file coords08.cif (mmCIF, C-alpha atoms)
data_upload
loop_
_atom_site.label_atom_id
_atom_site.label_comp_id
_atom_site.auth_asym_id
_atom_site.auth_seq_id
_atom_site.Cartn_x
_atom_site.Cartn_y
_atom_site.Cartn_z
CA MET A 1 55.36 10.95 -29.46
CA PHE A 2 55.10 11.64 -25.74
CA THR A 3 52.03 13.82 -26.35
CA ILE A 4 50.31 11.06 -28.32
CA LEU A 5 50.99 8.53 -25.54
CA LEU A 6 49.75 11.02 -22.95
CA ILE A 7 46.51 11.62 -24.87
CA ALA A 8 46.03 7.87 -25.40
CA GLY A 9 46.64 7.25 -21.70
CA LEU A 10 44.17 9.94 -20.69
CA GLY A 11 41.64 8.44 -23.10
CA VAL A 12 42.02 5.01 -21.46
CA VAL A 13 41.73 6.52 -17.97
CA LEU A 14 38.65 8.46 -19.02
CA ALA A 15 37.04 5.38 -20.58
CA VAL A 16 37.71 3.35 -17.40
CA ALA A 17 36.33 6.16 -15.22
CA VAL A 18 33.17 6.41 -17.33
CA GLY A 19 32.76 2.62 -17.21
CA LEU A 20 33.17 2.56 -13.43
CA ALA A 21 30.75 5.46 -12.97
CA PHE A 22 28.15 3.70 -15.14
CA ARG A 23 28.63 0.46 -13.22
CA PHE A 24 28.30 2.28 -9.89
CA ARG A 25 25.09 4.01 -11.01
CA GLN A 26 23.72 0.69 -12.22
CA GLU A 27 24.50 -0.98 -8.88
CA VAL A 28 22.84 1.88 -6.99
CA ALA A 29 19.77 1.63 -9.26
CA ASP A 30 19.63 -2.15 -8.75
CA ARG A 31 19.85 -1.75 -4.96
CA ASP A 32 17.16 0.93 -5.09
CA GLY A 33 14.94 -1.39 -7.12
CA GLU A 34 15.51 -4.25 -4.70
CA ASP A 35 14.71 -1.94 -1.76
CA LEU A 36 11.47 -0.82 -3.43
CA GLN A 37 10.55 -4.41 -4.28
CA GLY A 38 11.22 -5.50 -0.72
CA ARG A 39 9.27 -2.62 0.79
CA PHE A 40 6.22 -2.78 -1.49
CA GLY A 41 6.10 -6.53 -2.16
CA PRO A 42 2.91 -7.41 -4.09
CA GLU A 43 2.23 -3.70 -4.61
CA TYR A 44 5.48 -3.45 -6.61
CA ASP A 45 4.33 -6.32 -8.83
CA ARG A 46 0.87 -4.79 -9.27
CA THR A 47 2.35 -1.43 -10.25
CA LEU A 48 4.82 -3.10 -12.62
CA ALA A 49 1.97 -5.00 -14.31
CA ARG A 50 -0.10 -1.82 -14.58
CA ARG A 51 2.93 -0.10 -16.15
CA ARG A 52 3.26 -3.02 -18.61
CA GLY A 53 6.62 -4.15 -17.30
CA ASP A 54 8.25 -0.70 -17.42
CA VAL A 55 10.66 -1.00 -14.48
CA ARG A 56 11.88 2.60 -14.62
CA THR A 57 8.37 4.08 -14.56
CA THR A 58 7.32 1.69 -11.79
CA ARG A 59 10.25 2.67 -9.60
CA ARG A 60 9.70 6.36 -10.26
CA GLU A 61 6.02 6.06 -9.28
CA LEU A 62 6.82 4.21 -6.06
CA ARG A 63 9.56 6.70 -5.15
CA VAL A 64 7.05 9.54 -5.60
CA ARG A 65 4.66 7.72 -3.23
CA LEU A 66 7.40 7.30 -0.66
CA LYS A 67 8.38 10.94 -0.87
CA ARG A 68 4.77 12.04 -0.54
CA TYR A 69 3.52 9.69 2.19
CA ALA A 70 6.46 8.14 4.08
CA GLN A 71 6.44 10.93 6.68
CA LEU A 72 2.67 10.71 7.18
CA GLN A 73 1.88 10.76 10.90
CA VAL A 74 -0.32 7.86 12.01
CA LEU A 75 -2.79 9.31 14.50
CA PRO A 76 -3.74 7.50 17.71
CA LEU A 77 -7.03 5.67 18.05
CA ASP A 78 -8.52 5.45 21.54
CA ARG A 79 -10.15 2.33 22.94
CA ALA A 80 -13.72 3.60 22.44
CA ALA A 81 -13.09 4.39 18.76
CA ARG A 82 -11.38 1.04 18.27
CA GLU A 83 -14.32 -0.82 19.79
CA HIS A 84 -16.76 1.23 17.68
CA TYR A 85 -14.96 0.29 14.44
CA LEU A 86 -14.68 -3.32 15.53
CA ALA A 87 -18.44 -3.51 16.21
CA ARG A 88 -19.21 -2.00 12.81
CA TRP A 89 -16.92 -4.50 11.07
CA THR A 90 -18.50 -7.41 12.93
CA ALA A 91 -21.96 -6.20 11.87
CA LEU A 92 -21.06 -5.96 8.19
CA GLU A 93 -19.53 -9.45 8.30
CA GLU A 94 -22.83 -10.73 9.70
CA ASP A 95 -24.63 -8.94 6.86
CA PHE A 96 -22.43 -10.50 4.23
CA SER A 97 -24.30 -13.80 3.77
CA THR A 98 -27.66 -12.09 3.16
CA ASP A 99 -26.53 -9.01 1.23
CA PRO A 100 -22.92 -9.25 0.03
CA GLY A 101 -23.15 -6.05 -2.02
CA ARG A 102 -24.22 -3.97 0.95
CA ALA A 103 -21.60 -5.59 3.19
CA LEU A 104 -18.82 -4.92 0.69
CA ASP A 105 -19.96 -1.30 0.26
CA ALA A 106 -19.95 -0.93 4.03
CA ALA A 107 -16.47 -2.46 4.23
CA GLU A 108 -15.07 0.04 1.73
CA VAL A 109 -16.71 2.96 3.54
CA LEU A 110 -15.47 1.75 6.90
CA LEU A 111 -11.90 1.31 5.65
CA THR A 112 -11.97 4.80 4.16
CA GLN A 113 -13.26 6.33 7.41
CA LEU A 114 -10.80 4.42 9.56
CA ALA A 115 -7.90 5.41 7.29
CA ALA A 116 -8.94 9.07 7.54
CA GLU A 117 -9.15 8.86 11.34
CA ARG A 118 -5.66 7.33 11.45
CA GLY A 119 -4.30 10.33 9.50
CA TYR A 120 -4.49 9.28 5.86
CA PRO A 121 -5.72 11.92 3.39
CA ALA A 122 -9.40 12.53 4.09
CA GLN A 123 -11.67 12.98 1.07
CA ALA A 124 -8.89 11.77 -1.24
CA PRO A 125 -9.85 10.04 -4.49
CA PHE A 126 -9.76 6.24 -4.25
CA GLU A 127 -6.41 5.79 -6.02
CA ASP A 128 -4.73 8.52 -3.94
CA LEU A 129 -5.83 6.92 -0.70
CA ALA A 130 -4.77 3.48 -1.96
CA ALA A 131 -1.34 4.94 -2.85
CA ALA A 132 -0.97 6.44 0.63
CA LEU A 133 -2.01 3.18 2.28
CA SER A 134 0.45 1.25 0.10
CA VAL A 135 3.38 3.08 1.68
CA HIS A 136 2.47 1.95 5.21
CA HIS A 137 0.43 -1.20 4.52
CA ALA A 138 1.98 -2.48 1.30
CA ARG A 139 1.11 -6.12 1.97
CA ARG A 140 -2.49 -5.36 2.95
CA VAL A 141 -3.58 -2.52 0.64
CA HIS A 142 -4.75 -4.99 -2.02
CA GLY A 143 -7.67 -5.70 0.35
CA TYR A 144 -8.90 -2.14 -0.18
CA ARG A 145 -8.70 -2.50 -3.94
CA ARG A 146 -10.32 -5.94 -3.93
CA VAL A 147 -13.28 -4.86 -1.82
CA HIS A 148 -13.71 -1.78 -4.04
CA GLU A 149 -13.92 -3.97 -7.17
CA ALA A 150 -15.96 -6.74 -5.52
CA ALA A 151 -18.58 -4.29 -4.26
CA ARG A 152 -19.33 -3.22 -7.83
CA ALA A 153 -19.46 -6.82 -9.06
CA ALA A 154 -21.74 -7.88 -6.17
CA HIS A 155 -24.42 -5.40 -7.21
CA ASP A 156 -24.68 -7.23 -10.54
CA ASP A 157 -24.58 -10.69 -8.98
CA HIS A 158 -26.24 -10.96 -5.55
CA ARG A 159 -24.91 -14.44 -4.86
CA VAL A 160 -22.18 -14.89 -2.27
CA THR A 161 -19.28 -15.72 -4.59
CA GLU A 162 -15.88 -16.97 -3.54
CA ASP A 163 -14.33 -13.83 -5.04
CA ALA A 164 -16.55 -11.65 -2.87
CA ARG A 165 -15.72 -13.69 0.23
CA ALA A 166 -11.98 -13.53 -0.56
CA ALA A 167 -12.25 -9.77 -1.10
CA LEU A 168 -13.85 -9.27 2.31
CA LEU A 169 -11.19 -11.42 3.97
CA SER A 170 -8.45 -9.37 2.28
CA ALA A 171 -10.17 -6.17 3.36
CA GLY A 172 -10.35 -7.57 6.88
CA ALA A 173 -6.57 -7.94 6.96
CA LEU A 174 -6.17 -4.25 6.09
CA PHE A 175 -8.85 -3.34 8.65
CA ASP A 176 -6.90 -5.18 11.36
CA SER A 177 -3.66 -3.50 10.29
CA LEU A 178 -5.22 -0.01 10.36
CA LEU A 179 -7.00 -0.69 13.64
CA THR A 180 -3.88 -1.82 15.47
CA ALA A 181 -1.19 0.35 13.82
CA ARG A 182 1.05 2.12 16.30
CA ALA A 183 0.55 5.88 16.38
CA SER A 184 3.54 7.84 15.13
CA VAL A 185 2.51 11.24 16.49
CA SER A 186 5.24 12.27 18.92
CA THR A 187 2.80 13.84 21.39
CA ALA A 188 0.58 10.77 21.51
CA PRO A 189 0.97 8.55 24.57
CA ALA A 190 2.09 5.03 23.83
CA ARG A 191 -0.92 2.80 23.36
CA ARG A 192 -1.10 -0.93 23.04
CA ALA A 193 -3.44 -2.41 20.47
CA ALA A 194 -6.65 -3.82 21.87
CA GLY A 195 -6.22 -7.42 22.91
CA ALA A 196 -9.50 -8.57 21.37
CA VAL A 197 -9.16 -10.41 18.11
CA ARG A 198 -12.14 -9.88 15.85
CA PRO A 199 -13.92 -12.98 14.59
CA ARG A 200 -13.35 -14.00 10.99
CA ILE A 201 -16.15 -14.72 8.53
CA SER A 202 -16.55 -18.37 7.68
#

call {"tool": "encode", "arguments": {"input": "coords08.cif", "output": "structure tokens"}}
result
Amino acid sequence: MFTILLIAGLGVVLAVAVGLAFRFRQEVADRDGEDLQGRFGPEYDRTLARRRGDVRTTRRELRVRLKRYAQLQVLPLDRAAREHYLARWTALEEDFSTDPGRALDAAEVLLTQLAAERGYPAQAPFEDLAAALSVHHARRVHGYRRVHEAARAAHDDHRVTEDARAALLSAGALFDSLLTARASVSTAPARRAAGAVRPRIS
């Protein structure tokens, strides 16, 4: 009789322990998901939509990005380089009203070059660079994707559409973020972002 009670008691203890372990793992997973959602913001939602609502796959993909790119060292950008990029961006904005396709192409090229100079993977395929940018500029990286898509659409329709204008504005937000990002290289002297604020297209 005692043996039966002992086995039954151990079974209850084991069942409770398994239940608590499952609950703990679930709470950790929920916190992890909330952390990823908070960190990536709109990028989390975009990835979730692309994964057709598969939360587990979305979280796994974003964790892989973090592991791969979170330790990426943001390289310094000196004043001359910053002014050079700013002048090029201003020129393409001025081009936009007469040739939106060319301006959008130039914006994508400029963002890619600036990202490479700041330490992001040079010569990376578009999606790889977008993934790297999403780790450090999660709330701005959609500008890179939008300008990429809008450039292709603008070559078919040479009118200045609101979508094209919105894409360039979104790209401009990422440009500003890349231009003024603080360098993370330990040997780099501390630099303050240039005080000039670039003009916005109207």

call {"tool": "closest_residue", "arguments": {"input": "coords08.cif", "among": "A:Asp128, A:Asp45, A:Asp99, A:Glu117", "to": "Thr161 in chain A", "atoms": "only C-alpha atoms"}}
result
A:Asp99

call {"tool": "closest_residue", "arguments": {"input": "coords08.cif", "among": "A:Ala153, A:Ala183, A:Leu174, A:Thr58", "to": "Phe40 in chain A", "atoms": "all atoms listed in the file"}}
result
A:Thr58

call {"tool": "resolve_selection", "arguments": {"input": "coords08.cif", "expression": "the PyMOL selection byres ((chain A and resi 73) around 12)", "output": "list of chain:residue names"}}
result
A:Arg68, A:Tyr69, A:Ala70, A:Gln71, A:Leu72, A:Val74, A:Leu75, A:Pro76, A:Ala115, A:Ala116, A:Glu117, A:Arg118, A:Gly119, A:Tyr120, A:Pro121, A:Ala132, A:His136, A:Ala181, A:Arg182, A:Ala183, A:Ser184, A:Val185, A:Ser186, A:Thr187, A:Ala188

call {"tool": "write_last_selection", "arguments": {"input": "coords08.cif", "atoms": "C-alpha atoms", "output": "PDB file, in the frame of the given file"}}
result
ATOM      1  CA  ARG A  68       4.770  12.040  -0.540  1.00  0.00           C
ATOM      2  CA  TYR A  69       3.520   9.690   2.190  1.00  0.00           C
ATOM      3  CA  ALA A  70       6.460   8.140   4.080  1.00  0.00           C
ATOM      4  CA  GLN A  71       6.440  10.930   6.680  1.00  0.00           C
ATOM      5  CA  LEU A  72       2.670  10.710   7.180  1.00  0.00           C
ATOM      6  CA  VAL A  74      -0.320   7.860  12.010  1.00  0.00           C
ATOM      7  CA  LEU A  75      -2.790   9.310  14.500  1.00  0.00           C
ATOM      8  CA  PRO A  76      -3.740   7.500  17.710  1.00  0.00           C
ATOM      9  CA  ALA A 115      -7.900   5.410   7.290  1.00  0.00           C
ATOM     10  CA  ALA A 116      -8.940   9.070   7.540  1.00  0.00           C
ATOM     11  CA  GLU A 117      -9.150   8.860  11.340  1.00  0.00           C
ATOM     12  CA  ARG A 118      -5.660   7.330  11.450  1.00  0.00           C
ATOM     13  CA  GLY A 119      -4.300  10.330   9.500  1.00  0.00           C
ATOM     14  CA  TYR A 120      -4.490   9.280   5.860  1.00  0.00           C
ATOM     15  CA  PRO A 121      -5.720  11.920   3.390  1.00  0.00           C
ATOM     16  CA  ALA A 132      -0.970   6.440   0.630  1.00  0.00           C
ATOM     17  CA  HIS A 136       2.470   1.950   5.210  1.00  0.00           C
ATOM     18  CA  ALA A 181      -1.190   0.350  13.820  1.00  0.00           C
ATOM     19  CA  ARG A 182       1.050   2.120  16.300  1.00  0.00           C
ATOM     20  CA  ALA A 183       0.550   5.880  16.380  1.00  0.00           C
ATOM     21  CA  SER A 184       3.540   7.840  15.130  1.00  0.00           C
ATOM     22  CA  VAL A 185       2.510  11.240  16.490  1.00  0.00           C
ATOM     23  CA  SER A 186       5.240  12.270  18.920  1.00  0.00           C
ATOM     24  CA  THR A 187       2.800  13.840  21.390  1.00  0.00           C
ATOM     25  CA  ALA A 188       0.580  10.770  21.510  1.00  0.00           C
TER      26      ALA A 188
END

call {"tool": "closest_residue", "arguments": {"input": "coords08.cif", "among": "A:Val109, A:Ala151, A:Ala173, A:Ala164", "to": "Arg139 in chain A", "atoms": "only C-alpha atoms"}}
result
A:Ala173

call {"tool": "resolve_selection", "arguments": {"input": "coords08.cif", "expression": "the PyMOL selection byres ((chain A and resi 142) around 10)", "output": "ChimeraX atom specification"}}
result
/A:42-43,46,130,133-134,137-141,143-148,167,170-171,173-174

call {"tool": "atom_distance", "arguments": {"input": "coords08.cif", "atom1": "CA of Arg51 in chain A", "atom2": "CA of Leu178 in chain A"}}
result
27.7 Å

call {"tool": "decode", "arguments": {"input": "coords08.cif", "residues": "range 30-79 of chain A", "atoms": "N, CA and C atoms", "output": "JSON list (two decimals), in the first residue's frame"}}
result
[["chain", "number", "residue", "atom", "x", "y", "z"],
["A", 30, "ASP", "N", 7.61, 33.80, -24.45],
["A", 30, "ASP", "CA", 6.77, 35.01, -24.61],
["A", 30, "ASP", "C", 7.59, 36.27, -24.40],
["A", 31, "ARG", "N", 8.45, 36.26, -23.37],
["A", 31, "ARG", "CA", 9.31, 37.43, -23.12],
["A", 31, "ARG", "C", 10.26, 37.65, -24.28],
["A", 32, "ASP", "N", 10.83, 36.56, -24.81],
["A", 32, "ASP", "CA", 11.73, 36.64, -25.95],
["A", 32, "ASP", "C", 11.00, 37.25, -27.15],
["A", 33, "GLY", "N", 9.78, 36.79, -27.38],
["A", 33, "GLY", "CA", 8.98, 37.32, -28.49],
["A", 33, "GLY", "C", 8.67, 38.80, -28.31],
["A", 34, "GLU", "N", 8.35, 39.19, -27.08],
["A", 34, "GLU", "CA", 8.08, 40.61, -26.80],
["A", 34, "GLU", "C", 9.34, 41.45, -27.00],
["A", 35, "ASP", "N", 10.50, 40.91, -26.58],
["A", 35, "ASP", "CA", 11.77, 41.61, -26.76],
["A", 35, "ASP", "C", 12.06, 41.80, -28.25],
["A", 36, "LEU", "N", 11.85, 40.74, -29.04],
["A", 36, "LEU", "CA", 12.09, 40.83, -30.48],
["A", 36, "LEU", "C", 11.13, 41.82, -31.12],
["A", 37, "GLN", "N", 9.87, 41.77, -30.70],
["A", 37, "GLN", "CA", 8.87, 42.68, -31.25],
["A", 37, "GLN", "C", 9.23, 44.13, -30.92],
["A", 38, "GLY", "N", 9.65, 44.34, -29.69],
["A", 38, "GLY", "CA", 10.04, 45.69, -29.27],
["A", 38, "GLY", "C", 11.27, 46.19, -30.00],
["A", 39, "ARG", "N", 12.24, 45.31, -30.20],
["A", 39, "ARG", "CA", 13.48, 45.72, -30.86],
["A", 39, "ARG", "C", 13.27, 45.98, -32.35],
["A", 40, "PHE", "N", 12.53, 45.10, -33.03],
["A", 40, "PHE", "CA", 12.41, 45.19, -34.48],
["A", 40, "PHE", "C", 11.19, 46.01, -34.94],
["A", 41, "GLY", "N", 10.20, 46.19, -34.08],
["A", 41, "GLY", "CA", 9.05, 47.01, -34.44],
["A", 41, "GLY", "C", 8.40, 46.60, -35.75],
["A", 42, "PRO", "N", 8.28, 47.54, -36.70],
["A", 42, "PRO", "CA", 7.63, 47.23, -37.98],
["A", 42, "PRO", "C", 8.33, 46.09, -38.74],
["A", 43, "GLU", "N", 9.61, 45.93, -38.52],
["A", 43, "GLU", "CA", 10.35, 44.85, -39.19],
["A", 43, "GLU", "C", 9.88, 43.48, -38.70],
["A", 44, "TYR", "N", 9.50, 43.39, -37.43],
["A", 44, "TYR", "CA", 8.92, 42.15, -36.89],
["A", 44, "TYR", "C", 7.63, 41.84, -37.63],
["A", 45, "ASP", "N", 6.77, 42.86, -37.75],
["A", 45, "ASP", "CA", 5.48, 42.66, -38.44],
["A", 45, "ASP", "C", 5.66, 42.29, -39.90],
["A", 46, "ARG", "N", 6.62, 42.91, -40.56],
["A", 46, "ARG", "CA", 6.89, 42.61, -41.97],
["A", 46, "ARG", "C", 7.36, 41.16, -42.12],
["A", 47, "THR", "N", 8.26, 40.74, -41.23],
["A", 47, "THR", "CA", 8.77, 39.37, -41.29],
["A", 47, "THR", "C", 7.67, 38.37, -40.98],
["A", 48, "LEU", "N", 6.83, 38.70, -40.00],
["A", 48, "LEU", "CA", 5.70, 37.82, -39.65],
["A", 48, "LEU", "C", 4.75, 37.67, -40.83],
["A", 49, "ALA", "N", 4.47, 38.78, -41.52],
["A", 49, "ALA", "CA", 3.57, 38.72, -42.69],
["A", 49, "ALA", "C", 4.21, 37.89, -43.80],
["A", 50, "ARG", "N", 5.52, 38.06, -44.00],
["A", 50, "ARG", "CA", 6.21, 37.31, -45.05],
["A", 50, "ARG", "C", 6.24, 35.82, -44.71],
["A", 51, "ARG", "N", 6.25, 35.51, -43.42],
["A", 51, "ARG", "CA", 6.23, 34.11, -42.96],
["A", 51, "ARG", "C", 4.80, 33.62, -42.74],
["A", 52, "ARG", "N", 3.83, 34.36, -43.25],
["A", 52, "ARG", "CA", 2.41, 33.98, -43.21],
["A", 52, "ARG", "C", 1.91, 33.70, -41.80],
["A", 53, "GLY", "N", 2.33, 34.55, -40.87],
["A", 53, "GLY", "CA", 1.85, 34.46, -39.50],
["A", 53, "GLY", "C", 2.52, 33.40, -38.65],
["A", 54, "ASP", "N", 3.57, 32.78, -39.15],
["A", 54, "ASP", "CA", 4.28, 31.75, -38.39],
["A", 54, "ASP", "C", 5.21, 32.42, -37.38],
["A", 55, "VAL", "N", 4.74, 32.51, -36.14],
["A", 55, "VAL", "CA", 5.47, 33.23, -35.09],
["A", 55, "VAL", "C", 6.82, 32.58, -34.80],
["A", 56, "ARG", "N", 6.84, 31.25, -34.72],
["A", 56, "ARG", "CA", 8.07, 30.55, -34.38],
["A", 56, "ARG", "C", 9.16, 30.80, -35.43],
["A", 57, "THR", "N", 8.78, 30.68, -36.71],
["A", 57, "THR", "CA", 9.76, 30.89, -37.78],
["A", 57, "THR", "C", 10.23, 32.35, -37.81],
["A", 58, "THR", "N", 9.30, 33.27, -37.57],
["A", 58, "THR", "CA", 9.65, 34.70, -37.54],
["A", 58, "THR", "C", 10.68, 34.97, -36.45],
["A", 59, "ARG", "N", 10.42, 34.46, -35.26],
["A", 59, "ARG", "CA", 11.34, 34.69, -34.14],
["A", 59, "ARG", "C", 12.70, 34.05, -34.40],
["A", 60, "ARG", "N", 12.68, 32.85, -34.98],
["A", 60, "ARG", "CA", 13.94, 32.18, -35.28],
["A", 60, "ARG", "C", 14.75, 33.00, -36.28],
["A", 61, "GLU", "N", 14.09, 33.52, -37.32],
["A", 61, "GLU", "CA", 14.79, 34.32, -38.33],
["A", 61, "GLU", "C", 15.39, 35.58, -37.72],
["A", 62, "LEU", "N", 14.63, 36.25, -36.86],
["A", 62, "LEU", "CA", 15.13, 37.49, -36.26],
["A", 62, "LEU", "C", 16.26, 37.21, -35.26],
["A", 63, "ARG", "N", 16.18, 36.08, -34.56],
["A", 63, "ARG", "CA", 17.28, 35.71, -33.66],
["A", 63, "ARG", "C", 18.56, 35.44, -34.44],
["A", 64, "VAL", "N", 18.42, 34.79, -35.60],
["A", 64, "VAL", "CA", 19.59, 34.54, -36.45],
["A", 64, "VAL", "C", 20.21, 35.86, -36.89],
["A", 65, "ARG", "N", 19.37, 36.83, -37.27],
["A", 65, "ARG", "CA", 19.89, 38.15, -37.66],
["A", 65, "ARG", "C", 20.65, 38.80, -36.51],
["A", 66, "LEU", "N", 20.05, 38.73, -35.32],
["A", 66, "LEU", "CA", 20.72, 39.33, -34.16],
["A", 66, "LEU", "C", 22.07, 38.69, -33.90],
["A", 67, "LYS", "N", 22.10, 37.37, -33.95],
["A", 67, "LYS", "CA", 23.35, 36.65, -33.70],
["A", 67, "LYS", "C", 24.40, 37.02, -34.74],
["A", 68, "ARG", "N", 23.96, 37.20, -35.98],
["A", 68, "ARG", "CA", 24.90, 37.47, -37.07],
["A", 68, "ARG", "C", 25.38, 38.91, -37.10],
["A", 69, "TYR", "N", 24.49, 39.86, -36.79],
["A", 69, "TYR", "CA", 24.83, 41.27, -37.03],
["A", 69, "TYR", "C", 24.84, 42.17, -35.79],
["A", 70, "ALA", "N", 24.42, 41.67, -34.64],
["A", 70, "ALA", "CA", 24.33, 42.57, -33.46],
["A", 70, "ALA", "C", 25.69, 43.12, -33.06],
["A", 71, "GLN", "N", 26.76, 42.33, -33.27],
["A", 71, "GLN", "CA", 28.09, 42.78, -32.87],
["A", 71, "GLN", "C", 28.82, 43.54, -33.98],
["A", 72, "LEU", "N", 28.13, 43.81, -35.07],
["A", 72, "LEU", "CA", 28.73, 44.55, -36.18],
["A", 72, "LEU", "C", 29.25, 45.90, -35.68],
["A", 73, "GLN", "N", 30.47, 46.23, -36.05],
["A", 73, "GLN", "CA", 31.09, 47.48, -35.62],
["A", 73, "GLN", "C", 30.75, 48.59, -36.61],
["A", 74, "VAL", "N", 30.08, 49.62, -36.12],
["A", 74, "VAL", "CA", 29.75, 50.78, -36.97],
["A", 74, "VAL", "C", 31.00, 51.65, -37.08],
["A", 75, "LEU", "N", 31.47, 51.81, -38.31],
["A", 75, "LEU", "CA", 32.71, 52.55, -38.54],
["A", 75, "LEU", "C", 32.47, 54.05, -38.51],
["A", 76, "PRO", "N", 33.48, 54.81, -38.15],
["A", 76, "PRO", "CA", 33.32, 56.27, -38.11],
["A", 76, "PRO", "C", 33.24, 56.86, -39.52],
["A", 77, "LEU", "N", 32.64, 58.01, -39.60],
["A", 77, "LEU", "CA", 32.52, 58.74, -40.86],
["A", 77, "LEU", "C", 33.02, 60.16, -40.59],
["A", 78, "ASP", "N", 34.08, 60.57, -41.29],
["A", 78, "ASP", "CA", 34.62, 61.90, -41.00],
["A", 78, "ASP", "C", 33.75, 62.99, -41.64],
["A", 79, "ARG", "N", 34.04, 64.23, -41.26],
["A", 79, "ARG", "CA", 33.21, 65.35, -41.71],
["A", 79, "ARG", "C", 33.19, 65.48, -43.23]]
